[in-house]
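Report on one structure; see the data block that follows.
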Amino acid sequence: MKLTVADYLDQVVGNKVLITENETTASKVQQKTTLKKAIETVIDALDTGHLGKYQITIRVKKGDPVIFHLDTNLINIPMAEAERLDGKLLDKEISYPVNLYMVMESEDVNKSGLRIDELANETELAGNIDPLIKRLQEWLAEHLADVMEARADA
């Protein structure tokens, strides 16, 4: 799917994004079935011409829950910060491919409290999702470990 900045903002601001919210534990969030469902849900939204967001509140043993979500966006910023897609970052006349990003929010993930990395580009979203699941499992394990390590030192 490709969108102009205006079309993207229209979906986000116009509450047209298909959002799914879930809650689980740190061990269950890394299971293949959980991640497959999350990725498939976002791809299904894209297939119907909608942006998708799949958010999971992760309950952990120590401290506040960690917020993880898969966001569809044109560049690597969280969907909640869509207003940053202005003329300084992207040309408003061009259609850009929609990519899928992994986002983790926790004051303990890093100094900014936000970690975002691309999971898949437009081409990868149209292919086999097994490599995406594996990449997401590894990413979650690494960054949840960062959070737990920071909390253990606190």
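Letters for chains follow the order of the structure tokens (A, B, ...), residue numbers begin at 1 for each chain, and ligand numbers begin at 1 in the order shown.
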If we count only C-alpha atoms, what is near Ala126 (chain A) at a cut-off of 12 Å, once residues fewer than 6 positions away on the same chain are taken out, given as a list in words?
Met1, Ile39, Glu40, Val42, Ile43, Asp44, Leu46, Asp47, Val98, Asn99, Leu100, Ala120 and Leu132 of chain A
Any chance you can output those residues with N, CA and C atoms as a PDB file, in the first residue's frame?
ATOM      1  N   MET A   1       0.849  -1.170   0.000  1.00  0.00           N
ATOM      2  CA  MET A   1       0.000   0.000   0.000  1.00  0.00           C
ATOM      3  C   MET A   1       0.898   1.237   0.000  1.00  0.00           C
ATOM      4  N   ILE A  39       0.928  -9.672  13.521  1.00  0.00           N
ATOM      5  CA  ILE A  39       1.374  -9.309  12.171  1.00  0.00           C
ATOM      6  C   ILE A  39       0.243  -9.507  11.159  1.00  0.00           C
ATOM      7  N   GLU A  40      -0.444 -10.632  11.251  1.00  0.00           N
ATOM      8  CA  GLU A  40      -1.545 -10.905  10.314  1.00  0.00           C
ATOM      9  C   GLU A  40      -2.668  -9.878  10.447  1.00  0.00           C
ATOM     10  N   VAL A  42      -2.409  -6.707  11.282  1.00  0.00           N
ATOM     11  CA  VAL A  42      -1.988  -5.464  10.625  1.00  0.00           C
ATOM     12  C   VAL A  42      -1.999  -5.626   9.100  1.00  0.00           C
ATOM     13  N   ILE A  43      -1.521  -6.759   8.613  1.00  0.00           N
ATOM     14  CA  ILE A  43      -1.526  -7.006   7.160  1.00  0.00           C
ATOM     15  C   ILE A  43      -2.955  -7.037   6.631  1.00  0.00           C
ATOM     16  N   ASP A  44      -3.862  -7.649   7.382  1.00  0.00           N
ATOM     17  CA  ASP A  44      -5.280  -7.674   6.972  1.00  0.00           C
ATOM     18  C   ASP A  44      -5.842  -6.259   6.861  1.00  0.00           C
ATOM     19  N   LEU A  46      -4.132  -3.520   6.177  1.00  0.00           N
ATOM     20  CA  LEU A  46      -3.540  -2.934   4.968  1.00  0.00           C
ATOM     21  C   LEU A  46      -4.226  -3.464   3.713  1.00  0.00           C
ATOM     22  N   ASP A  47      -4.550  -4.755   3.716  1.00  0.00           N
ATOM     23  CA  ASP A  47      -5.211  -5.377   2.555  1.00  0.00           C
ATOM     24  C   ASP A  47      -6.581  -4.776   2.286  1.00  0.00           C
ATOM     25  N   VAL A  98       3.857   2.091   2.668  1.00  0.00           N
ATOM     26  CA  VAL A  98       3.579   1.958   4.096  1.00  0.00           C
ATOM     27  C   VAL A  98       4.412   0.788   4.620  1.00  0.00           C
ATOM     28  N   ASN A  99       5.191   1.062   5.668  1.00  0.00           N
ATOM     29  CA  ASN A  99       6.037   0.052   6.286  1.00  0.00           C
ATOM     30  C   ASN A  99       5.476  -0.314   7.657  1.00  0.00           C
ATOM     31  N   LEU A 100       5.994  -1.403   8.207  1.00  0.00           N
ATOM     32  CA  LEU A 100       5.559  -1.869   9.518  1.00  0.00           C
ATOM     33  C   LEU A 100       6.708  -1.697  10.510  1.00  0.00           C
ATOM     34  N   ALA A 120       9.176  -4.511   8.666  1.00  0.00           N
ATOM     35  CA  ALA A 120       8.978  -4.950   7.286  1.00  0.00           C
ATOM     36  C   ALA A 120       8.651  -3.771   6.386  1.00  0.00           C
ATOM     37  N   LEU A 132       9.444 -12.554   9.480  1.00  0.00           N
ATOM     38  CA  LEU A 132       9.043 -11.379  10.270  1.00  0.00           C
ATOM     39  C   LEU A 132       8.784 -11.775  11.719  1.00  0.00           C
TER      40      LEU A 132
END
Per-residue DSSP, chain A, filtered to strand (DSSP E), as an mmCIF file with all heavy atoms, in the first residue's frame:
data_model
loop_
_atom_site.group_PDB
_atom_site.id
_atom_site.type_symbol
_atom_site.label_atom_id
_atom_site.label_comp_id
_atom_site.auth_asym_id
_atom_site.auth_seq_id
_atom_site.Cartn_x
_atom_site.Cartn_y
_atom_site.Cartn_z
ATOM 1 N N LYS A 2 0.521 2.216 -0.769
ATOM 2 C CA LYS A 2 1.226 3.488 -0.829
ATOM 3 C C LYS A 2 0.241 4.607 -0.484
ATOM 4 O O LYS A 2 -0.918 4.549 -0.856
ATOM 5 C CB LYS A 2 1.800 3.726 -2.222
ATOM 6 C CG LYS A 2 2.972 2.838 -2.595
ATOM 7 C CD LYS A 2 3.525 3.264 -3.932
ATOM 8 C CE LYS A 2 4.714 2.534 -4.450
ATOM 9 N NZ LYS A 2 5.302 1.473 -3.789
ATOM 10 N N LEU A 3 0.742 5.607 0.248
ATOM 11 C CA LEU A 3 -0.083 6.749 0.635
ATOM 12 C C LEU A 3 0.724 8.037 0.549
ATOM 13 O O LEU A 3 1.933 8.025 0.787
ATOM 14 C CB LEU A 3 -0.570 6.604 2.081
ATOM 15 C CG LEU A 3 -1.552 5.493 2.414
ATOM 16 C CD1 LEU A 3 -1.766 5.409 3.917
ATOM 17 C CD2 LEU A 3 -2.874 5.699 1.709
ATOM 18 N N LEU A 18 -7.300 0.857 11.920
ATOM 19 C CA LEU A 18 -7.832 -0.331 12.586
ATOM 20 C C LEU A 18 -6.877 -0.697 13.721
ATOM 21 O O LEU A 18 -5.759 -1.147 13.492
ATOM 22 C CB LEU A 18 -7.978 -1.484 11.598
ATOM 23 C CG LEU A 18 -8.916 -1.219 10.411
ATOM 24 C CD1 LEU A 18 -9.025 -2.446 9.518
ATOM 25 C CD2 LEU A 18 -10.301 -0.787 10.882
ATOM 26 N N ILE A 19 -7.337 -0.475 14.945
ATOM 27 C CA ILE A 19 -6.496 -0.682 16.125
ATOM 28 C C ILE A 19 -6.987 -1.889 16.909
ATOM 29 O O ILE A 19 -8.172 -2.019 17.197
ATOM 30 C CB ILE A 19 -6.511 0.571 17.031
ATOM 31 C CG1 ILE A 19 -5.970 1.780 16.263
ATOM 32 C CG2 ILE A 19 -5.703 0.318 18.304
ATOM 33 C CD1 ILE A 19 -6.093 3.092 17.012
ATOM 34 N N THR A 20 -6.037 -2.758 17.251
ATOM 35 C CA THR A 20 -6.318 -3.910 18.095
ATOM 36 C C THR A 20 -5.464 -3.762 19.345
ATOM 37 O O THR A 20 -4.277 -3.454 19.251
ATOM 38 C CB THR A 20 -5.957 -5.220 17.369
ATOM 39 O OG1 THR A 20 -6.674 -5.278 16.140
ATOM 40 C CG2 THR A 20 -6.288 -6.430 18.216
ATOM 41 N N GLU A 21 -6.082 -3.965 20.508
ATOM 42 C CA GLU A 21 -5.340 -3.875 21.762
ATOM 43 C C GLU A 21 -5.451 -5.182 22.519
ATOM 44 O O GLU A 21 -6.497 -5.829 22.508
ATOM 45 C CB GLU A 21 -5.854 -2.714 22.612
ATOM 46 C CG GLU A 21 -5.583 -1.364 21.972
ATOM 47 C CD GLU A 21 -5.929 -0.197 22.877
ATOM 48 O OE1 GLU A 21 -5.751 -0.324 24.111
ATOM 49 O OE2 GLU A 21 -6.376 0.827 22.352
ATOM 50 N N ASN A 22 -4.363 -5.560 23.168
ATOM 51 C CA ASN A 22 -4.263 -6.813 23.881
ATOM 52 C C ASN A 22 -3.423 -6.616 25.127
ATOM 53 O O ASN A 22 -2.722 -5.616 25.243
ATOM 54 C CB ASN A 22 -3.568 -7.843 22.970
ATOM 55 C CG ASN A 22 -4.386 -9.081 22.760
ATOM 56 O OD1 ASN A 22 -5.015 -9.564 23.688
ATOM 57 N ND2 ASN A 22 -4.366 -9.585 21.551
ATOM 58 N N GLU A 23 -3.455 -7.592 26.011
ATOM 59 C CA GLU A 23 -2.605 -7.570 27.198
ATOM 60 C C GLU A 23 -2.119 -8.984 27.449
ATOM 61 O O GLU A 23 -2.871 -9.950 27.298
ATOM 62 C CB GLU A 23 -3.406 -7.068 28.407
ATOM 63 C CG GLU A 23 -2.556 -6.862 29.631
ATOM 64 C CD GLU A 23 -3.320 -6.204 30.774
ATOM 65 O OE1 GLU A 23 -4.108 -5.280 30.513
ATOM 66 O OE2 GLU A 23 -3.099 -6.632 31.924
ATOM 67 N N THR A 24 -0.837 -9.112 27.811
ATOM 68 C CA THR A 24 -0.277 -10.431 28.069
ATOM 69 C C THR A 24 0.981 -10.300 28.918
ATOM 70 O O THR A 24 1.338 -9.208 29.353
ATOM 71 C CB THR A 24 -0.001 -11.198 26.745
ATOM 72 O OG1 THR A 24 0.275 -12.560 27.058
ATOM 73 C CG2 THR A 24 1.147 -10.591 25.959
ATOM 74 N N THR A 25 1.671 -11.414 29.122
ATOM 75 C CA THR A 25 2.899 -11.423 29.917
ATOM 76 C C THR A 25 4.119 -11.356 28.994
ATOM 77 O O THR A 25 4.015 -11.577 27.788
ATOM 78 C CB THR A 25 2.995 -12.712 30.748
ATOM 79 O OG1 THR A 25 3.055 -13.828 29.851
ATOM 80 C CG2 THR A 25 1.814 -12.858 31.690
ATOM 81 N N GLY A 52 -3.017 0.005 10.071
ATOM 82 C CA GLY A 52 -3.271 -0.862 11.210
ATOM 83 C C GLY A 52 -2.299 -0.595 12.338
ATOM 84 O O GLY A 52 -1.174 -0.140 12.116
ATOM 85 N N LYS A 53 -2.768 -0.869 13.535
ATOM 86 C CA LYS A 53 -1.924 -0.777 14.731
ATOM 87 C C LYS A 53 -2.328 -1.920 15.647
ATOM 88 O O LYS A 53 -3.514 -2.129 15.901
ATOM 89 C CB LYS A 53 -2.130 0.564 15.436
ATOM 90 C CG LYS A 53 -1.334 0.704 16.719
ATOM 91 C CD LYS A 53 -1.514 2.083 17.315
ATOM 92 C CE LYS A 53 -0.659 2.217 18.556
ATOM 93 N NZ LYS A 53 -0.504 3.621 18.938
ATOM 94 N N TYR A 54 -1.348 -2.659 16.126
ATOM 95 C CA TYR A 54 -1.609 -3.759 17.047
ATOM 96 C C TYR A 54 -0.798 -3.472 18.304
ATOM 97 O O TYR A 54 0.425 -3.460 18.265
ATOM 98 C CB TYR A 54 -1.186 -5.100 16.430
ATOM 99 C CG TYR A 54 -1.772 -6.290 17.128
ATOM 100 C CD1 TYR A 54 -2.907 -6.922 16.628
ATOM 101 C CD2 TYR A 54 -1.215 -6.796 18.296
ATOM 102 C CE1 TYR A 54 -3.464 -8.025 17.264
ATOM 103 C CE2 TYR A 54 -1.764 -7.890 18.944
ATOM 104 C CZ TYR A 54 -2.879 -8.498 18.426
ATOM 105 O OH TYR A 54 -3.436 -9.594 19.063
ATOM 106 N N GLN A 55 -1.488 -3.203 19.401
ATOM 107 C CA GLN A 55 -0.819 -2.817 20.641
ATOM 108 C C GLN A 55 -1.000 -3.883 21.701
ATOM 109 O O GLN A 55 -2.102 -4.383 21.915
ATOM 110 C CB GLN A 55 -1.362 -1.486 21.152
ATOM 111 C CG GLN A 55 -0.689 -1.032 22.436
ATOM 112 C CD GLN A 55 -1.032 0.392 22.791
ATOM 113 O OE1 GLN A 55 -0.866 1.276 21.975
ATOM 114 N NE2 GLN A 55 -1.503 0.607 24.015
ATOM 115 N N ILE A 56 0.110 -4.197 22.386
ATOM 116 C CA ILE A 56 0.081 -5.179 23.466
ATOM 117 C C ILE A 56 0.673 -4.531 24.719
ATOM 118 O O ILE A 56 1.789 -4.016 24.692
ATOM 119 C CB ILE A 56 0.889 -6.443 23.108
ATOM 120 C CG1 ILE A 56 0.345 -7.089 21.825
ATOM 121 C CG2 ILE A 56 0.859 -7.435 24.272
ATOM 122 C CD1 ILE A 56 1.176 -8.256 21.314
ATOM 123 N N THR A 57 -0.093 -4.560 25.790
ATOM 124 C CA THR A 57 0.409 -4.132 27.086
ATOM 125 C C THR A 57 1.036 -5.371 27.720
ATOM 126 O O THR A 57 0.365 -6.390 27.912
ATOM 127 C CB THR A 57 -0.730 -3.587 27.968
ATOM 128 O OG1 THR A 57 -1.318 -2.465 27.285
ATOM 129 C CG2 THR A 57 -0.222 -3.162 29.327
ATOM 130 N N ILE A 58 2.329 -5.292 28.000
ATOM 131 C CA ILE A 58 3.068 -6.447 28.513
ATOM 132 C C ILE A 58 3.241 -6.306 30.018
ATOM 133 O O ILE A 58 3.915 -5.382 30.493
ATOM 134 C CB ILE A 58 4.454 -6.556 27.831
ATOM 135 C CG1 ILE A 58 4.293 -6.601 26.303
ATOM 136 C CG2 ILE A 58 5.205 -7.785 28.346
ATOM 137 C CD1 ILE A 58 5.596 -6.418 25.543
ATOM 138 N N ARG A 59 2.628 -7.233 30.745
ATOM 139 C CA ARG A 59 2.778 -7.259 32.199
ATOM 140 C C ARG A 59 4.137 -7.890 32.533
ATOM 141 O O ARG A 59 4.476 -8.953 32.012
ATOM 142 C CB ARG A 59 1.660 -8.064 32.854
ATOM 143 C CG ARG A 59 0.286 -7.440 32.681
ATOM 144 C CD ARG A 59 -0.786 -8.194 33.459
ATOM 145 N NE ARG A 59 -0.803 -9.627 33.225
ATOM 146 C CZ ARG A 59 -1.478 -10.237 32.235
ATOM 147 N NH1 ARG A 59 -2.186 -9.516 31.381
ATOM 148 N NH2 ARG A 59 -1.450 -11.541 32.100
ATOM 149 N N VAL A 66 5.032 -2.711 30.087
ATOM 150 C CA VAL A 66 5.737 -2.207 28.912
ATOM 151 C C VAL A 66 4.722 -2.189 27.768
ATOM 152 O O VAL A 66 3.972 -3.145 27.591
ATOM 153 C CB VAL A 66 6.932 -3.126 28.561
ATOM 154 C CG1 VAL A 66 7.592 -2.693 27.263
ATOM 155 C CG2 VAL A 66 7.941 -3.146 29.710
ATOM 156 N N ILE A 67 4.698 -1.105 27.018
ATOM 157 C CA ILE A 67 3.782 -0.996 25.883
ATOM 158 C C ILE A 67 4.550 -1.333 24.615
ATOM 159 O O ILE A 67 5.591 -0.745 24.331
ATOM 160 C CB ILE A 67 3.191 0.430 25.770
ATOM 161 C CG1 ILE A 67 2.523 0.858 27.079
ATOM 162 C CG2 ILE A 67 2.229 0.508 24.579
ATOM 163 C CD1 ILE A 67 1.379 -0.002 27.533
ATOM 164 N N PHE A 68 4.032 -2.299 23.873
ATOM 165 C CA PHE A 68 4.616 -2.687 22.585
ATOM 166 C C PHE A 68 3.538 -2.540 21.526
ATOM 167 O O PHE A 68 2.384 -2.881 21.761
ATOM 168 C CB PHE A 68 5.099 -4.139 22.629
ATOM 169 C CG PHE A 68 5.289 -4.720 21.261
ATOM 170 C CD1 PHE A 68 6.357 -4.328 20.473
ATOM 171 C CD2 PHE A 68 4.375 -5.607 20.739
ATOM 172 C CE1 PHE A 68 6.503 -4.828 19.188
ATOM 173 C CE2 PHE A 68 4.513 -6.108 19.466
ATOM 174 C CZ PHE A 68 5.588 -5.717 18.690
ATOM 175 N N HIS A 69 3.907 -2.018 20.363
ATOM 176 C CA HIS A 69 2.944 -2.008 19.272
ATOM 177 C C HIS A 69 3.621 -2.112 17.927
ATOM 178 O O HIS A 69 4.784 -1.752 17.748
ATOM 179 C CB HIS A 69 1.986 -0.803 19.313
ATOM 180 C CG HIS A 69 2.582 0.510 19.677
ATOM 181 N ND1 HIS A 69 2.874 1.481 18.761
ATOM 182 C CD2 HIS A 69 2.918 1.022 20.879
ATOM 183 C CE1 HIS A 69 3.360 2.537 19.377
ATOM 184 N NE2 HIS A 69 3.405 2.287 20.656
ATOM 185 N N LEU A 70 2.859 -2.670 17.005
ATOM 186 C CA LEU A 70 3.219 -2.675 15.597
ATOM 187 C C LEU A 70 2.469 -1.506 14.988
ATOM 188 O O LEU A 70 1.252 -1.427 15.092
ATOM 189 C CB LEU A 70 2.789 -3.985 14.929
ATOM 190 C CG LEU A 70 3.540 -5.234 15.361
ATOM 191 C CD1 LEU A 70 2.912 -6.476 14.728
ATOM 192 C CD2 LEU A 70 5.013 -5.145 14.993
ATOM 193 N N ASP A 71 3.189 -0.588 14.375
ATOM 194 C CA ASP A 71 2.595 0.596 13.751
ATOM 195 C C ASP A 71 2.850 0.577 12.253
ATOM 196 O O ASP A 71 3.950 0.234 11.819
ATOM 197 C CB ASP A 71 3.241 1.883 14.285
ATOM 198 C CG ASP A 71 2.705 2.337 15.619
ATOM 199 O OD1 ASP A 71 1.951 1.584 16.249
ATOM 200 O OD2 ASP A 71 3.055 3.455 16.033
ATOM 201 N N THR A 72 1.865 0.990 11.498
ATOM 202 C CA THR A 72 2.067 1.210 10.074
ATOM 203 C C THR A 72 2.352 2.696 9.888
ATOM 204 O O THR A 72 1.654 3.541 10.443
ATOM 205 C CB THR A 72 0.825 0.791 9.261
ATOM 206 O OG1 THR A 72 -0.343 1.343 9.883
ATOM 207 C CG2 THR A 72 0.693 -0.723 9.205
ATOM 208 N N ASN A 73 3.411 2.988 9.147
ATOM 209 C CA ASN A 73 3.783 4.385 8.952
ATOM 210 C C ASN A 73 4.634 4.515 7.701
ATOM 211 O O ASN A 73 5.090 3.521 7.143
ATOM 212 C CB ASN A 73 4.533 4.933 10.165
ATOM 213 C CG ASN A 73 4.345 6.426 10.337
ATOM 214 O OD1 ASN A 73 4.173 7.156 9.363
ATOM 215 N ND2 ASN A 73 4.379 6.888 11.576
ATOM 216 N N TYR A 96 4.152 7.327 -0.711
ATOM 217 C CA TYR A 96 5.201 6.531 -0.097
ATOM 218 C C TYR A 96 4.664 5.154 0.282
ATOM 219 O O TYR A 96 3.489 5.023 0.646
ATOM 220 C CB TYR A 96 5.704 7.222 1.182
ATOM 221 C CG TYR A 96 6.420 8.518 0.928
ATOM 222 C CD1 TYR A 96 5.725 9.726 0.936
ATOM 223 C CD2 TYR A 96 7.784 8.542 0.678
ATOM 224 C CE1 TYR A 96 6.379 10.924 0.705
ATOM 225 C CE2 TYR A 96 8.443 9.736 0.449
ATOM 226 C CZ TYR A 96 7.743 10.921 0.455
ATOM 227 O OH TYR A 96 8.382 12.099 0.224
ATOM 228 N N PRO A 97 5.525 4.134 0.261
ATOM 229 C CA PRO A 97 5.083 2.821 0.721
ATOM 230 C C PRO A 97 4.858 2.838 2.232
ATOM 231 O O PRO A 97 5.573 3.530 2.964
ATOM 232 C CB PRO A 97 6.234 1.886 0.346
ATOM 233 C CG PRO A 97 7.416 2.755 0.118
ATOM 234 C CD PRO A 97 6.906 4.126 -0.220
ATOM 235 N N ASN A 99 5.191 1.062 5.668
ATOM 236 C CA ASN A 99 6.037 0.052 6.286
ATOM 237 C C ASN A 99 5.476 -0.314 7.657
ATOM 238 O O ASN A 99 4.626 0.391 8.202
ATOM 239 C CB ASN A 99 7.465 0.586 6.442
ATOM 240 C CG ASN A 99 8.089 0.941 5.115
ATOM 241 O OD1 ASN A 99 8.013 0.182 4.157
ATOM 242 N ND2 ASN A 99 8.701 2.110 5.044
ATOM 243 N N LEU A 100 5.994 -1.403 8.207
ATOM 244 C CA LEU A 100 5.559 -1.869 9.518
ATOM 245 C C LEU A 100 6.708 -1.697 10.510
ATOM 246 O O LEU A 100 7.829 -2.155 10.257
ATOM 247 C CB LEU A 100 5.129 -3.335 9.446
ATOM 248 C CG LEU A 100 4.551 -3.947 10.712
ATOM 249 C CD1 LEU A 100 3.331 -3.173 11.203
ATOM 250 C CD2 LEU A 100 4.180 -5.404 10.466
ATOM 251 N N TYR A 101 6.419 -1.034 11.623
ATOM 252 C CA TYR A 101 7.433 -0.726 12.630
ATOM 253 C C TYR A 101 7.110 -1.366 13.965
ATOM 254 O O TYR A 101 5.948 -1.458 14.362
ATOM 255 C CB TYR A 101 7.552 0.797 12.812
ATOM 256 C CG TYR A 101 8.069 1.471 11.578
ATOM 257 C CD1 TYR A 101 7.195 1.978 10.624
ATOM 258 C CD2 TYR A 101 9.437 1.573 11.337
ATOM 259 C CE1 TYR A 101 7.665 2.571 9.462
ATOM 260 C CE2 TYR A 101 9.916 2.169 10.176
ATOM 261 C CZ TYR A 101 9.033 2.665 9.251
ATOM 262 O OH TYR A 101 9.504 3.257 8.101
ATOM 263 N N MET A 102 8.184 -1.780 14.653
ATOM 264 C CA MET A 102 8.093 -2.323 16.010
ATOM 265 C C MET A 102 8.386 -1.172 16.964
ATOM 266 O O MET A 102 9.407 -0.498 16.822
ATOM 267 C CB MET A 102 9.145 -3.412 16.221
ATOM 268 C CG MET A 102 9.119 -4.517 15.184
ATOM 269 S SD MET A 102 10.564 -5.639 15.278
ATOM 270 C CE MET A 102 11.854 -4.628 14.529
ATOM 271 N N VAL A 103 7.493 -0.948 17.920
ATOM 272 C CA VAL A 103 7.648 0.175 18.837
ATOM 273 C C VAL A 103 7.529 -0.337 20.275
ATOM 274 O O VAL A 103 6.595 -1.072 20.601
ATOM 275 C CB VAL A 103 6.559 1.248 18.594
ATOM 276 C CG1 VAL A 103 6.783 2.456 19.505
ATOM 277 C CG2 VAL A 103 6.500 1.662 17.129
ATOM 278 N N MET A 104 8.476 0.053 21.113
ATOM 279 C CA MET A 104 8.399 -0.285 22.529
ATOM 280 C C MET A 104 8.481 1.007 23.328
ATOM 281 O O MET A 104 9.352 1.839 23.088
ATOM 282 C CB MET A 104 9.521 -1.232 22.945
ATOM 283 C CG MET A 104 9.401 -1.688 24.390
ATOM 284 S SD MET A 104 10.626 -2.935 24.859
ATOM 285 C CE MET A 104 9.980 -4.375 24.007
ATOM 286 N N GLU A 105 7.552 1.150 24.272
ATOM 287 C CA GLU A 105 7.519 2.321 25.142
ATOM 288 C C GLU A 105 7.691 1.880 26.590
ATOM 289 O O GLU A 105 6.892 1.105 27.102
ATOM 290 C CB GLU A 105 6.183 3.051 25.002
ATOM 291 C CG GLU A 105 5.914 3.607 23.623
ATOM 292 C CD GLU A 105 4.538 4.235 23.516
ATOM 293 O OE1 GLU A 105 4.166 5.005 24.432
ATOM 294 O OE2 GLU A 105 3.848 3.944 22.533
ATOM 295 N N LEU A 114 11.594 5.337 24.333
ATOM 296 C CA LEU A 114 10.946 4.862 23.109
ATOM 297 C C LEU A 114 11.969 4.168 22.220
ATOM 298 O O LEU A 114 13.045 4.709 21.956
ATOM 299 C CB LEU A 114 10.345 6.050 22.346
ATOM 300 C CG LEU A 114 9.711 5.736 20.999
ATOM 301 C CD1 LEU A 114 8.351 5.084 21.195
ATOM 302 C CD2 LEU A 114 9.577 7.002 20.177
ATOM 303 N N ARG A 115 11.627 2.985 21.743
ATOM 304 C CA ARG A 115 12.474 2.269 20.787
ATOM 305 C C ARG A 115 11.601 1.955 19.582
ATOM 306 O O ARG A 115 10.501 1.434 19.728
ATOM 307 C CB ARG A 115 13.001 0.978 21.418
ATOM 308 C CG ARG A 115 13.833 0.127 20.497
ATOM 309 C CD ARG A 115 15.162 0.782 20.244
ATOM 310 N NE ARG A 115 15.789 0.193 19.075
ATOM 311 C CZ ARG A 115 17.089 0.129 18.894
ATOM 312 N NH1 ARG A 115 17.906 0.607 19.812
ATOM 313 N NH2 ARG A 115 17.577 -0.394 17.805
ATOM 314 N N ILE A 116 12.083 2.295 18.376
ATOM 315 C CA ILE A 116 11.328 2.006 17.161
ATOM 316 C C ILE A 116 12.282 1.530 16.078
ATOM 317 O O ILE A 116 13.337 2.122 15.862
ATOM 318 C CB ILE A 116 10.494 3.221 16.693
ATOM 319 C CG1 ILE A 116 9.664 2.877 15.447
ATOM 320 C CG2 ILE A 116 11.356 4.438 16.470
ATOM 321 C CD1 ILE A 116 8.603 3.902 15.090
ATOM 322 N N ASP A 117 11.915 0.414 15.438
ATOM 323 C CA ASP A 117 12.703 -0.159 14.350
ATOM 324 C C ASP A 117 11.754 -0.716 13.297
ATOM 325 O O ASP A 117 10.658 -1.183 13.622
ATOM 326 C CB ASP A 117 13.600 -1.291 14.868
ATOM 327 C CG ASP A 117 14.681 -0.788 15.806
ATOM 328 O OD1 ASP A 117 15.599 -0.088 15.334
ATOM 329 O OD2 ASP A 117 14.616 -1.097 17.018
ATOM 330 N N GLU A 118 12.202 -0.702 12.068
ATOM 331 C CA GLU A 118 11.384 -1.255 10.988
ATOM 332 C C GLU A 118 11.359 -2.779 11.072
ATOM 333 O O GLU A 118 12.407 -3.405 11.201
ATOM 334 C CB GLU A 118 11.944 -0.824 9.625
ATOM 335 C CG GLU A 118 11.094 -1.325 8.465
ATOM 336 C CD GLU A 118 11.596 -0.854 7.110
ATOM 337 O OE1 GLU A 118 11.648 0.376 6.892
ATOM 338 O OE2 GLU A 118 11.940 -1.717 6.289
ATOM 339 N N LEU A 119 10.180 -3.347 11.002
ATOM 340 C CA LEU A 119 10.025 -4.793 10.931
ATOM 341 C C LEU A 119 9.953 -5.241 9.479
ATOM 342 O O LEU A 119 10.573 -6.217 9.086
ATOM 343 C CB LEU A 119 8.769 -5.260 11.679
ATOM 344 C CG LEU A 119 8.437 -6.755 11.560
ATOM 345 C CD1 LEU A 119 9.571 -7.615 12.116
ATOM 346 C CD2 LEU A 119 7.127 -7.063 12.264
ATOM 347 N N ALA A 120 9.176 -4.511 8.666
ATOM 348 C CA ALA A 120 8.978 -4.950 7.286
ATOM 349 C C ALA A 120 8.651 -3.771 6.386
ATOM 350 O O ALA A 120 7.918 -2.865 6.774
ATOM 351 C CB ALA A 120 7.843 -5.971 7.232
#
Compile the contact shell of Gln11 (chain A) as a short mmCIF file (atom, residue, chain, number, x, y, z; two decimals) with C-alpha atoms, in the first residue's frame: residues with an atom at most 8 Å away, counting only C-alpha atoms, same-chain residues fewer than 6 positions apart removed.
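Listing of selection_2.cif after writing:
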data_model
loop_
_atom_site.label_atom_id
_atom_site.label_comp_id
_atom_site.auth_asym_id
_atom_site.auth_seq_id
_atom_site.Cartn_x
_atom_site.Cartn_y
_atom_site.Cartn_z
CA VAL A 17 -6.89 3.24 11.67
CA HIS A 50 -6.61 0.83 6.14
CA LEU A 51 -3.64 1.56 8.34
#
Could you give me, as a VMD selection string, the residues within 7 Å of Val5 (chain A), counting only C-alpha atoms and dropping anything in the same chain fewer than 4 positions from it?
chain A and resid 9 85 92
May I have the selected residues written with N, CA, C and O atoms, as a short mmCIF file (atom, residue, chain, number, x, y, z; two decimals), in the first residue's frame?
data_model
loop_
_atom_site.label_atom_id
_atom_site.label_comp_id
_atom_site.auth_asym_id
_atom_site.auth_seq_id
_atom_site.Cartn_x
_atom_site.Cartn_y
_atom_site.Cartn_z
N LEU A 9 -2.25 11.09 7.01
CA LEU A 9 -2.75 11.90 8.11
C LEU A 9 -4.28 11.86 8.19
O LEU A 9 -4.85 11.85 9.28
N LEU A 85 4.96 14.22 10.37
CA LEU A 85 5.08 13.97 8.92
C LEU A 85 4.74 15.24 8.15
O LEU A 85 3.77 15.30 7.42
N LYS A 92 5.06 16.23 0.21
CA LYS A 92 3.61 15.98 0.32
C LYS A 92 2.97 15.45 -0.95
O LYS A 92 1.88 14.90 -0.92
#
Would you compute the distance between CA of Gly49 (chain A) and CA of Arg135 (chain A)? Give it in Å to one decimal.
25.1 Å
List as JSON lines every residue of region 14-71 of chain A that is in contact with region 137-150 of chain A, defined as an atom at most 9 Å from one of its atoms (using only C-alpha atoms), together with the nearest atom pair and the distance in Å rounded to one decimal, sorted by chain and then rising number.
{"residue": "A:Ala26", "atom": "CA", "partner": "A:Leu144", "partner_atom": "CA", "distance": 7.6}
{"residue": "A:Val29", "atom": "CA", "partner": "A:Leu140", "partner_atom": "CA", "distance": 8.3}
{"residue": "A:Gln30", "atom": "CA", "partner": "A:Gln137", "partner_atom": "CA", "distance": 5.4}
{"residue": "A:Gln31", "atom": "CA", "partner": "A:Gln137", "partner_atom": "CA", "distance": 7.5}
{"residue": "A:Lys32", "atom": "CA", "partner": "A:Gln137", "partner_atom": "CA", "distance": 7.6}
{"residue": "A:Leu35", "atom": "CA", "partner": "A:Gln137", "partner_atom": "CA", "distance": 7.7}
{"residue": "A:Val60", "atom": "CA", "partner": "A:Met148", "partner_atom": "CA", "distance": 8.5}
{"residue": "A:Lys61", "atom": "CA", "partner": "A:Met148", "partner_atom": "CA", "distance": 8.9}
{"residue": "A:Lys62", "atom": "CA", "partner": "A:Met148", "partner_atom": "CA", "distance": 7.8}
{"residue": "A:Val66", "atom": "CA", "partner": "A:Leu144", "partner_atom": "CA", "distance": 8.3}
{"residue": "A:Phe68", "atom": "CA", "partner": "A:Leu140", "partner_atom": "CA", "distance": 8.7}
